[in-house]
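Listing of coords30.txt, compact mmCIF, C-alpha atoms
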# COMPACT_ATOMS: atom_id res chain seq x y z
CA MET A 1281 -71.17 -5.16 39.20
CA HIS A 1282 -72.19 -6.03 42.68
CA ARG A 1283 -69.43 -7.46 44.74
CA ARG A 1284 -70.21 -10.22 47.09
CA GLY A 1285 -68.34 -12.56 49.27
CA GLY A 1286 -68.28 -16.21 48.54
CA LEU A 1287 -66.71 -18.57 46.01
CA ALA A 1288 -68.81 -17.48 43.03
CA ALA A 1289 -67.12 -14.06 43.16
CA PHE A 1290 -63.76 -15.63 42.19
CA ASP A 1291 -65.28 -17.21 39.14
CA ARG A 1292 -66.89 -13.98 38.08
CA GLN A 1293 -63.60 -12.10 38.47
CA GLU A 1294 -61.75 -14.65 36.37
CA GLN A 1295 -64.48 -14.42 33.78
CA SER A 1296 -64.25 -10.66 33.44
CA LYS A 1297 -60.42 -10.79 33.32
CA ARG A 1298 -60.65 -13.17 30.39
CA SER A 1299 -63.11 -10.92 28.62
CA PHE A 1300 -60.86 -7.90 29.04
CA ALA A 1301 -57.90 -9.85 27.74
CA VAL A 1302 -59.80 -10.84 24.61
CA LEU A 1303 -60.91 -7.29 24.05
CA SER A 1304 -57.40 -5.89 24.49
CA THR A 1305 -55.97 -8.41 22.05
CA GLN A 1306 -58.59 -7.41 19.51
CA LEU A 1307 -57.82 -3.76 20.03
CA SER A 1308 -54.07 -4.05 19.70
CA GLN A 1309 -54.49 -6.37 16.74
CA SER A 1310 -56.47 -3.75 14.89
CA GLN A 1311 -53.89 -1.13 15.88
CA VAL A 1312 -51.05 -3.28 14.59
CA ASP A 1313 -52.96 -3.97 11.37
CA HIS A 1314 -53.53 -0.29 10.94
CA LEU A 1315 -49.85 0.41 11.56
CA HIS A 1316 -48.85 -2.29 9.10
CA ALA A 1317 -51.09 -0.76 6.49
CA GLN A 1318 -49.59 2.65 7.15
CA LEU A 1319 -46.06 1.31 7.04
CA ASN A 1320 -46.77 -0.47 3.79
CA GLN A 1321 -48.14 2.67 2.31
CA PHE A 1322 -45.12 4.62 3.49
CA ARG A 1323 -42.79 2.00 2.23
CA THR A 1324 -44.44 1.99 -1.17
CA ALA A 1325 -44.23 5.75 -1.34
CA LEU A 1326 -40.59 5.77 -0.32
CA ALA A 1327 -39.78 2.95 -2.70
CA HIS A 1328 -41.53 4.82 -5.48
CA PHE A 1329 -39.55 7.91 -4.62
CA ALA A 1330 -36.35 5.90 -4.51
CA THR A 1331 -36.88 4.26 -7.85
CA THR A 1332 -37.95 7.42 -9.62
CA HIS A 1333 -34.97 9.31 -8.26
CA ARG A 1334 -32.58 6.41 -8.40
CA ASP A 1335 -30.23 7.97 -10.88
CA SER A 1336 -30.09 11.29 -9.09
CA ILE A 1337 -29.37 9.53 -5.81
CA ARG A 1338 -26.55 7.55 -7.27
CA LYS A 1339 -25.01 10.31 -9.33
CA ASP A 1340 -25.52 13.50 -7.40
CA PRO A 1341 -23.64 13.65 -4.09
CA ALA A 1342 -25.70 16.54 -2.73
CA PHE A 1343 -28.95 14.73 -3.45
CA ARG A 1344 -27.56 11.50 -2.02
CA HIS A 1345 -26.55 13.32 1.12
CA ALA A 1346 -30.04 14.82 1.50
CA PHE A 1347 -31.63 11.43 0.96
CA GLN A 1348 -29.38 9.77 3.52
CA GLN A 1349 -30.15 12.51 6.00
CA MET A 1350 -33.86 12.06 5.45
CA CYS A 1351 -33.48 8.35 6.04
CA SER A 1352 -31.56 8.83 9.26
CA SER A 1353 -33.94 11.50 10.57
CA ILE A 1354 -36.94 9.20 10.20
CA GLY A 1355 -34.95 6.33 11.60
CA VAL A 1356 -34.60 4.24 8.48
CA ASP A 1357 -31.27 2.64 7.76
CA PRO A 1358 -30.83 2.52 4.01
CA LEU A 1359 -28.72 -0.57 4.35
CA ALA A 1360 -31.09 -2.44 6.64
CA GLY A 1361 -33.99 -4.49 5.40
CA PRO A 1362 -35.53 -7.92 5.32
CA ARG A 1363 -33.78 -9.03 2.17
CA LYS A 1364 -30.12 -9.60 1.51
CA GLY A 1365 -28.41 -6.25 1.13
CA GLY A 1366 -31.57 -4.52 2.30
CA TRP A 1367 -34.57 -3.56 0.24
CA TRP A 1368 -33.11 -0.11 -0.11
CA ALA A 1369 -30.21 -1.72 -1.82
CA GLU A 1370 -32.61 -3.43 -4.18
CA MET A 1371 -34.58 -0.31 -4.83
CA LEU A 1372 -31.57 1.91 -5.32
CA GLY A 1373 -28.57 -0.24 -5.84
CA LEU A 1374 -27.18 2.12 -3.22
CA GLY A 1375 -26.17 -0.71 -0.91
CA ASP A 1376 -24.03 -2.19 -3.61
CA TRP A 1377 -22.70 1.23 -4.38
CA GLN A 1378 -21.67 1.71 -0.77
CA TYR A 1379 -20.05 -1.71 -0.55
CA GLU A 1380 -18.32 -1.19 -3.83
CA LEU A 1381 -16.93 2.08 -2.55
CA GLY A 1382 -15.88 0.26 0.63
CA VAL A 1383 -13.92 -2.25 -1.41
CA GLN A 1384 -12.23 0.56 -3.29
CA ILE A 1385 -11.34 2.30 -0.03
CA VAL A 1386 -9.79 -0.91 1.27
CA ASP A 1387 -7.94 -1.29 -2.01
CA VAL A 1388 -6.40 2.18 -1.77
CA CYS A 1389 -5.63 1.88 1.95
CA VAL A 1390 -3.91 -1.47 1.58
CA SER A 1391 -1.95 -0.54 -1.51
CA THR A 1392 -0.65 2.69 0.03
CA ARG A 1393 -0.03 1.19 3.46
CA GLU A 1394 3.61 0.49 2.93
CA ARG A 1395 4.35 4.09 2.11
CA ASN A 1396 2.12 5.74 4.73
CA GLY A 1397 2.09 3.22 7.54
CA GLY A 1398 -1.67 2.72 7.34
CA LEU A 1399 -2.70 6.32 7.79
CA ILE A 1400 -3.95 8.27 4.81
CA GLU A 1401 -5.23 11.79 4.48
CA MET A 1402 -8.89 12.06 3.47
CA GLU A 1403 -8.08 14.25 0.45
CA ASP A 1404 -5.46 11.80 -0.69
CA LEU A 1405 -7.80 8.85 -0.27
CA LEU A 1406 -10.55 10.69 -2.13
CA ARG A 1407 -8.20 11.48 -4.99
CA LEU A 1408 -6.98 7.88 -5.28
CA VAL A 1409 -10.47 6.40 -5.01
CA THR A 1410 -11.73 8.79 -7.70
CA LYS A 1411 -8.81 7.77 -9.89
CA LEU A 1412 -9.60 4.12 -9.29
CA ARG A 1413 -13.27 4.58 -10.24
CA GLY A 1414 -12.43 6.31 -13.47
CA VAL A 1415 -14.47 9.11 -15.01
CA SER A 1416 -17.74 7.24 -15.34
CA GLY A 1417 -18.01 6.39 -11.65
CA GLY A 1418 -19.71 9.63 -10.69
CA GLU A 1419 -18.53 11.96 -7.99
CA VAL A 1420 -17.56 10.71 -4.53
CA THR A 1421 -17.42 12.95 -1.47
CA ALA A 1422 -15.67 12.67 1.87
CA ASP A 1423 -19.11 12.05 3.31
CA ASP A 1424 -19.57 8.94 1.18
CA ILE A 1425 -16.17 7.70 2.33
CA VAL A 1426 -17.08 8.14 5.98
CA ARG A 1427 -20.35 6.27 5.45
CA SER A 1428 -18.67 3.44 3.57
CA ILE A 1429 -16.12 3.07 6.31
CA LYS A 1430 -19.02 2.64 8.74
CA THR A 1431 -20.31 -0.24 6.64
CA LEU A 1432 -16.88 -1.84 6.97
CA GLN A 1433 -17.08 -1.75 10.77
CA PRO A 1434 -18.75 -5.17 11.21
CA LEU A 1435 -15.76 -6.75 9.52
CA GLY A 1436 -13.64 -5.68 12.48
CA VAL A 1437 -10.70 -4.64 10.36
CA GLY A 1438 -10.17 -1.42 12.29
CA TYR A 1439 -10.87 1.16 9.61
CA GLN A 1440 -11.44 4.45 11.32
CA VAL A 1441 -11.74 8.14 10.54
CA VAL A 1442 -9.47 10.24 12.75
CA THR A 1443 -10.00 13.98 13.03
CA LEU A 1444 -6.91 16.05 13.72
CA ALA A 1445 -6.70 19.20 15.81
CA ASP A 1446 -6.93 21.41 12.73
CA GLY A 1447 -10.07 19.65 11.51
CA ARG A 1448 -8.29 17.65 8.86
CA ARG A 1449 -9.50 14.09 8.63
CA MET A 1450 -7.40 11.01 8.13
CA VAL A 1451 -8.37 7.40 7.57
CA ARG A 1452 -6.56 4.78 9.56
CA SER A 1453 -6.50 1.26 8.21
CA VAL A 1454 -4.48 -0.48 10.89
CA VAL A 1455 -5.52 -1.22 14.41
CA LYS A 1456 -3.43 1.25 16.30
CA GLU A 1457 -4.20 3.60 19.11
CA LEU A 1458 -3.48 7.15 18.08
CA ASP A 1459 -2.92 9.20 21.20
CA GLU A 1460 -3.40 12.95 21.50
CA ASP A 1461 0.28 13.79 21.17
CA GLN A 1462 0.52 11.79 17.98
CA ALA A 1463 -2.45 13.68 16.57
CA VAL A 1464 -0.58 16.94 17.24
CA VAL A 1465 2.56 15.57 15.59
CA LEU A 1466 0.53 14.51 12.57
CA ALA A 1467 -1.06 17.93 12.20
CA ILE A 1468 2.30 19.73 12.32
CA ALA A 1469 3.92 17.21 10.00
CA GLN A 1470 1.16 17.92 7.48
CA GLN A 1471 2.15 21.59 7.44
CA GLU A 1472 5.84 20.73 7.13
CA GLY A 1473 5.54 18.35 4.21
CA GLY A 1474 6.25 15.40 6.49
CA ARG A 1475 9.41 16.48 8.34
CA ILE A 1476 9.18 16.81 12.09
CA VAL A 1477 11.88 17.27 14.73
CA GLU A 1478 11.82 17.56 18.50
CA ASP A 1479 12.67 21.29 18.33
CA ILE A 1480 9.54 22.14 16.35
CA LEU A 1481 7.34 20.50 18.98
CA ILE A 1482 9.23 22.23 21.78
CA SER A 1483 9.07 25.71 20.24
CA ARG A 1484 5.55 25.57 18.82
CA LYS A 1485 3.74 23.47 21.38
CA GLY A 1486 5.82 24.16 24.46
CA TRP A 1487 6.44 20.49 25.02
CA THR A 1488 9.38 19.30 27.05
CA ARG A 1489 12.12 17.54 25.13
CA GLY A 1490 11.23 14.28 26.83
CA ARG A 1491 7.61 14.47 25.75
CA ALA A 1492 8.55 15.36 22.19
CA ARG A 1493 11.07 12.56 22.00
CA ALA A 1494 8.66 9.99 23.44
CA ALA A 1495 5.91 10.90 20.98
CA LEU A 1496 8.27 10.75 18.00
CA GLU A 1497 10.05 7.58 19.06
CA ASN A 1498 6.70 5.86 19.59
CA MET A 1499 5.57 6.78 16.12
CA LEU A 1500 8.88 5.63 14.70
CA LEU A 1501 9.57 2.44 16.61
CA ARG A 1502 6.21 1.21 17.85
CA ASP A 1503 3.81 2.26 15.11
CA GLY A 1504 5.99 2.53 12.03
CA LEU A 1505 4.27 5.77 11.02
CA CYS A 1506 7.56 7.61 10.51
CA TRP A 1507 10.77 7.18 8.62
CA LEU A 1508 13.99 8.24 10.26
CA ASP A 1509 16.49 10.59 8.60
CA GLU A 1510 19.88 10.54 10.30
CA GLN A 1511 21.43 13.03 7.87
CA ASP A 1512 19.26 16.02 8.68
CA GLU A 1513 21.34 19.22 8.17
CA GLU A 1514 19.68 21.15 10.95
CA CYS A 1515 19.12 18.71 13.77
CA GLY A 1516 21.10 15.66 12.74
CA LYS A 1517 18.05 13.51 13.26
CA ALA A 1518 14.62 14.12 11.75
CA TYR A 1519 11.42 12.12 11.58
CA TRP A 1520 9.32 11.98 8.44
CA VAL A 1521 5.65 11.13 8.82
CA THR A 1522 5.05 9.04 5.73
CA SER A 1523 1.35 9.82 5.44
CA ALA A 1524 2.16 13.56 5.31
CA MET A 1525 4.78 13.23 2.57
CA LYS A 1526 3.57 14.30 -0.86
CA TRP A 1527 4.58 12.13 -3.78
CA ASP A 1528 4.56 13.35 -7.31
CA VAL A 1529 3.64 10.04 -8.91
CA MET B 711 7.23 20.21 -0.82
CA THR B 712 6.55 17.37 -3.20
CA PHE B 713 8.94 14.56 -4.00
CA SER B 714 9.35 13.98 -7.67
CA THR B 715 11.25 11.83 -10.12
CA PHE B 716 14.55 13.00 -11.62
CA THR B 717 16.38 12.09 -14.80
CA THR B 718 20.12 11.60 -14.27
CA PRO B 719 22.86 12.66 -16.75
CA THR B 720 23.04 9.06 -17.97
CA GLY B 721 19.33 9.16 -18.79
CA PHE B 722 18.08 7.08 -15.87
CA LEU B 723 14.76 8.06 -14.31
CA LEU B 724 15.18 8.04 -10.54
CA PRO B 725 11.96 7.28 -8.62
CA SER B 726 10.42 10.03 -6.50
CA VAL B 727 11.38 8.24 -3.29
CA HIS B 728 15.02 8.94 -4.18
CA SER B 729 14.37 12.64 -3.47
CA ALA B 730 13.01 11.91 0.02
CA PRO B 731 15.68 12.53 2.69
CA PRO B 732 14.81 9.56 4.97
CA PHE B 733 15.25 7.14 2.04
CA PHE B 734 18.99 7.26 2.75
CA THR B 735 18.76 6.09 6.36
CA GLN B 736 18.34 2.53 7.54
CA GLN B 737 14.90 2.31 9.17
CA PRO B 738 14.62 0.95 12.72
CA HIS B 739 11.01 -0.28 12.29
CA PRO B 740 11.02 -3.71 10.63
CA ASP B 741 8.08 -2.96 8.28
CA SER B 742 9.48 0.40 7.21
CA ASN B 743 12.89 -1.16 6.75
CA ALA B 744 11.45 -3.90 4.54
CA THR B 745 9.64 -1.31 2.41
CA VAL B 746 12.63 0.96 1.95
CA THR B 747 15.07 -1.91 1.37
CA GLU B 748 12.73 -3.35 -1.23
CA GLN B 749 12.73 0.01 -3.04
CA TRP B 750 16.53 0.16 -2.95
CA THR B 751 16.70 -3.38 -4.33
CA THR B 752 14.47 -2.50 -7.27
CA LEU B 753 16.42 0.70 -7.83
CA PHE B 754 19.78 -1.11 -7.89
CA LEU B 755 18.57 -3.76 -10.29
CA THR B 756 16.92 -1.35 -12.73
CA TYR B 757 19.94 0.96 -12.65
CA ALA B 758 22.31 -1.96 -13.17
CA ARG B 759 20.25 -3.03 -16.17
CA HIS B 760 20.27 0.53 -17.51
CA ARG B 761 24.05 0.88 -17.24
CA LYS B 762 24.86 -2.82 -17.72
CA LEU B 763 26.59 -2.94 -14.36
CA PHE B 764 27.24 -6.33 -12.84
CA VAL B 765 29.02 -5.59 -9.60
CA LEU B 766 28.03 -3.58 -6.54
CA ARG B 767 30.52 -3.06 -3.71
CA VAL B 768 30.12 -1.58 -0.26
CA GLU B 769 33.10 0.63 -1.23
CA ASP B 770 30.91 2.25 -3.89
CA ALA B 771 29.18 4.14 -1.09
CA GLU B 772 32.51 5.52 0.13
CA THR B 773 33.83 7.14 -3.03
CA THR B 774 32.54 9.88 -5.30
CA ASP B 775 33.86 8.41 -8.54
CA SER B 776 31.93 5.16 -8.48
CA GLU B 777 29.73 4.14 -11.40
CA TRP B 778 26.91 4.07 -8.89
CA VAL B 779 27.26 7.66 -7.72
CA GLU B 780 24.02 8.84 -9.34
CA VAL B 781 22.07 6.37 -7.27
CA LEU B 782 24.08 6.21 -4.06
CA ARG B 783 24.12 9.99 -3.67
CA ASN B 784 21.58 12.71 -4.10
CA GLU B 785 23.43 16.03 -4.15
CA ARG B 786 20.16 17.95 -4.62
CA ILE B 787 19.10 17.07 -1.09
CA ASN B 788 22.61 16.45 0.22
CA ARG B 789 22.04 12.81 1.15
CA LYS B 790 24.08 9.71 0.56
CA LEU B 791 23.63 6.04 1.27
CA LEU B 792 25.94 5.08 4.13
CA PRO B 793 28.18 2.01 3.67
CA SER B 794 26.64 0.28 6.70
CA TYR B 795 23.16 0.49 5.19
CA LEU B 796 24.39 -0.51 1.73
CA SER B 797 25.94 -3.56 3.34
CA ALA B 798 22.56 -4.46 4.93
CA ILE B 799 20.72 -3.97 1.62
CA ILE B 800 23.26 -6.17 -0.14
CA ALA B 801 22.72 -8.91 2.46
CA THR B 802 18.95 -8.75 1.89
CA MET B 803 19.44 -8.95 -1.87
CA VAL B 804 21.60 -12.03 -1.49
CA SER B 805 18.98 -13.65 0.75
CA LYS B 806 16.33 -12.96 -1.91
CA ASN B 807 18.53 -14.45 -4.62
CA VAL B 808 18.73 -11.30 -6.74
CA ALA B 809 22.46 -11.07 -6.04
CA THR B 810 25.29 -13.33 -4.96
CA TYR B 811 28.49 -12.64 -3.06
CA ASP B 812 31.32 -12.70 -5.57
CA PRO B 813 33.91 -13.89 -4.89
CA PRO B 814 32.22 -16.18 -2.36
CA GLY B 815 33.24 -16.07 1.28
CA GLN B 816 33.12 -12.30 1.75
CA ASN B 817 30.26 -9.81 2.03
CA ARG B 818 31.59 -6.58 0.57
CA SER B 819 30.92 -7.21 -3.10
CA VAL B 820 28.07 -8.80 -5.02
CA LEU B 821 27.22 -9.87 -8.51
CA LEU B 822 23.77 -8.54 -9.40
CA TYR B 823 21.17 -10.75 -11.00
CA TRP B 824 19.19 -8.22 -13.00
CA ARG B 825 18.86 -11.29 -15.16
CA LEU B 826 18.89 -14.62 -13.35
CA PRO B 827 21.45 -17.23 -14.45
CA GLU B 828 18.55 -19.11 -16.10
CA GLU B 829 17.68 -16.00 -18.11
CA TRP B 830 21.32 -15.44 -19.07
CA ALA B 831 21.43 -19.05 -20.26
CA GLU B 832 18.63 -18.31 -22.73
CA VAL B 833 20.30 -15.08 -23.83
CA LEU B 834 23.54 -16.97 -24.45
CA HIS B 835 21.79 -19.75 -26.36
CA GLY B 836 19.80 -17.28 -28.43
CA TRP B 837 22.92 -15.29 -29.24
CA ALA B 838 24.81 -18.41 -30.38
CA ILE B 839 21.91 -19.33 -32.68
CA SER B 840 21.46 -15.88 -34.17
CA THR B 841 25.18 -15.50 -34.85
CA GLY B 842 25.54 -19.02 -36.26
CA GLN B 843 27.97 -20.22 -33.61
CA LEU B 844 26.32 -23.47 -32.57
CA ASN B 845 28.49 -26.59 -32.49
CA THR B 846 31.75 -24.64 -32.64
CA ILE B 847 34.11 -24.14 -29.79
CA LEU B 848 33.91 -20.66 -28.31
CA THR B 849 36.40 -19.28 -25.83
CA PHE B 850 34.98 -17.34 -22.89
CA TYR B 851 36.77 -14.29 -24.26
CA GLU B 852 34.88 -14.61 -27.56
CA ILE B 853 31.64 -14.49 -25.63
CA THR B 854 32.45 -11.71 -23.17
CA ASP B 855 34.22 -9.53 -25.70
CA PRO B 856 32.75 -10.23 -29.14
CA PRO B 857 33.78 -8.06 -32.13
CA ILE B 858 30.15 -6.98 -32.50
CA PRO B 859 28.77 -5.94 -29.11
CA SER B 860 26.15 -8.35 -27.80
CA PRO B 861 23.92 -8.50 -24.75
CA LEU B 862 26.67 -10.68 -23.27
CA SER B 863 29.46 -8.15 -23.71
CA ASN B 864 31.36 -7.76 -20.44
CA ILE B 865 29.39 -10.43 -18.63
CA PRO B 866 31.47 -11.60 -15.66
CA ILE B 867 32.98 -15.06 -16.08
CA THR B 868 31.29 -16.26 -12.88
CA LEU B 869 27.89 -15.44 -14.28
CA LEU B 870 28.78 -16.91 -17.68
CA ARG B 871 29.79 -20.18 -16.01
CA LYS B 872 26.45 -20.32 -14.20
CA ALA B 873 24.59 -19.76 -17.48
CA ILE B 874 26.62 -22.48 -19.19
CA ALA B 875 25.89 -24.83 -16.29
CA VAL B 876 22.15 -24.17 -16.72
CA LEU B 877 22.38 -25.03 -20.44
CA ALA B 878 24.40 -28.16 -19.67
CA LYS B 879 21.48 -29.51 -17.65
CA THR B 880 19.35 -29.63 -20.80
CA GLY B 881 22.21 -30.92 -22.97
CA ARG B 882 22.69 -27.63 -24.73
CA SER B 883 26.26 -26.89 -23.66
CA GLN B 884 29.53 -28.63 -23.05
CA LEU B 885 32.58 -27.21 -21.30
CA ILE B 886 35.80 -27.95 -23.12
CA SER B 887 39.42 -27.53 -22.09
CA ILE B 888 41.42 -25.73 -24.69
CA ALA B 889 45.06 -24.69 -24.99
CA ASP B 890 44.76 -21.40 -23.11
CA GLY B 891 42.00 -22.11 -20.65
CA GLU B 892 38.42 -23.11 -21.18
CA GLY B 893 35.85 -22.94 -23.90
CA VAL B 894 32.31 -24.00 -24.49
CA ARG B 895 30.42 -25.69 -27.26
CA LEU B 896 26.72 -24.91 -27.60
CA PHE B 897 24.15 -27.20 -29.17
CA GLN B 898 20.73 -26.74 -30.61
CA GLY B 899 19.33 -29.09 -27.99
CA THR B 900 16.16 -31.07 -28.27
CA GLY B 901 13.61 -28.86 -26.68
CA LYS B 902 13.89 -27.67 -23.11

In structure tokens, what does this structure look like?
Amino acid sequence: MHRRGGLAAFDRQEQSKRSFAVLSTQLSQSQVDHLHAQLNQFRTALAHFATTHRDSIRKDPAFRHAFQQMCSSIGVDPLAGPRKGGWWAEMLGLGDWQYELGVQIVDVCVSTRERNGGLIEMEDLLRLVTKLRGVSGGEVTADDIVRSIKTLQPLGVGYQVVTLADGRRMVRSVVKELDEDQAVVLAIAQQEGGRIVEDILISRKGWTRGRARAALENMLLRDGLCWLDEQDEECGKAYWVTSAMKWDV
Amino acid sequence: MTFSTFTTPTGFLLPSVHSAPPFFTQQPHPDSNATVTEQWTTLFLTYARHRKLFVLRVEDAETTDSEWVEVLRNERINRKLLPSYLSAIIATMVSKNVATYDPPGQNRSVLLYWRLPEEWAEVLHGWAISTGQLNTILTFYEITDPPIPSPLSNIPITLLRKAIAVLAKTGRSQLISIADGEGVRLFQGTGK
């Protein structure tokens, strides 16, 4: 195109800009259409896979785990979707399954709260949830619990998985800050069947008496995670972390 | 270590919490205290029902020959309920209307309502019907110490009076003065 001065050049420039715009719209439209077609195909394939393997996904924890991993690695949220509960949920009933598990987790956490102060060991929770589901419910793993707790997050009820120093996981069902010292106390209390005294923290962790006392008193008085025993034979005063106490019920 | 239930010599099944050392200490955290006190309350009432005990005194926590010793002490873990805590539990029980200070005006001794006065009223009425003693005058002694043991054997007079008062409201009882004290006449009544 020959460029010239003068007013006509402006018109021509505008004209070509418009033409390019039209062309680009056409191009991206066809790209989007193509992508849509691909996505639809993919979705159909995945849906087909989901429906044909529905039972395995629901029943077999290892398979379910693999499927969830596949979903997350390709950036698909099994719970997300255009329809209520997500189309995954419709395809698999997995959304319901997850919510149902969430409800059972809440049930166990709330009903055991008064004896553990809102902190329950993963194993314990798993055992109680399994008991609640009965034999026909299929197997549940710690992984499923963690995922269900994530689905509870939007409710803002403060359910959280806490990992202790020794790798043990606990589920907290009350909104409470658990500081590092408390995590240490919890881990030791687990080994001791619940009982914890200042001296244990001093001798095993090298804490000062003041630090040990502060951590224990906070758990006792502020958080209600401990019960006090004023008749302890050894130290006169012992703290019992309720979530670490094992009940033979 | 796992806390488990225990069957006492009198055949009472103690809950597993009774073998947990901190159960015997008054808890400083209000929520924990409510939980533990609630468990003590249930324990006292079920034990009282098991042994047909009507009275609980703060003194029971101070002696070793009380009827309550199996519950107030746990020799296996060397723990005992301290009188100060027992006194607090008793106060909570009174506030929840599962016990009443008896005699009134002190706070060291309570009458336990493992059956409420309303429930005792029905027991009394049912007993009078089944033993054919409606419409006759019964002395309190005949009720509390019948020749054939009844559910009302040894019921404290205070509690018996409350039960009679409940029945009087529906026209099913009438207090009567007799030569050596008081008696009661029970009626069929016309529905509740």

Q | Within 10 Å of chain B: residues of chain A, using all atoms listed in the file, as a VMD selection string | A | chain A and resid 1394 to 1397 1471 to 1475 1499 to 1513 1517 to 1520 1522 1525 to 1529

Q) Interatomic distance between CA of Glu828 (chain B) and CA of Asn845 (chain B)? A)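 Distance between the two atoms: 20.6 Å.
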
Q: List every protein, DNA or RNA residue that has at least one atom no more than 12 Å from (34.4, -11.6, -19.6) in the file's coordinates, counting only C-alpha atoms, and write the result as a list in words.
A: Phe764, Thr849, Phe850, Tyr851, Glu852, Ile853, Thr854, Asp855, Pro856, Leu862, Ser863, Asn864, Ile865, Pro866, Ile867, Thr868, Leu869, Leu870 and Arg871 of chain B

Q: Could you jot down the CA of Asp1446 (chain A) to CA of Thr1421 (chain A) separation for me, Å, one decimal place?
A: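 Computing it gives 19.6 Å between the two atoms.
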
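With CA of Asn1498 (chain A) on one side and CA of Thr1443 (chain A) on the other, the separation reads 19.7 Å.
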
Q: Name all residues at most 10 Å from Glu832 (chain B) (count only C-alpha atoms; drop same-chain ones fewer than 5 positions away) and give them as a ChimeraX atom specification.
A: /B:827,837-838,873-874,876-877
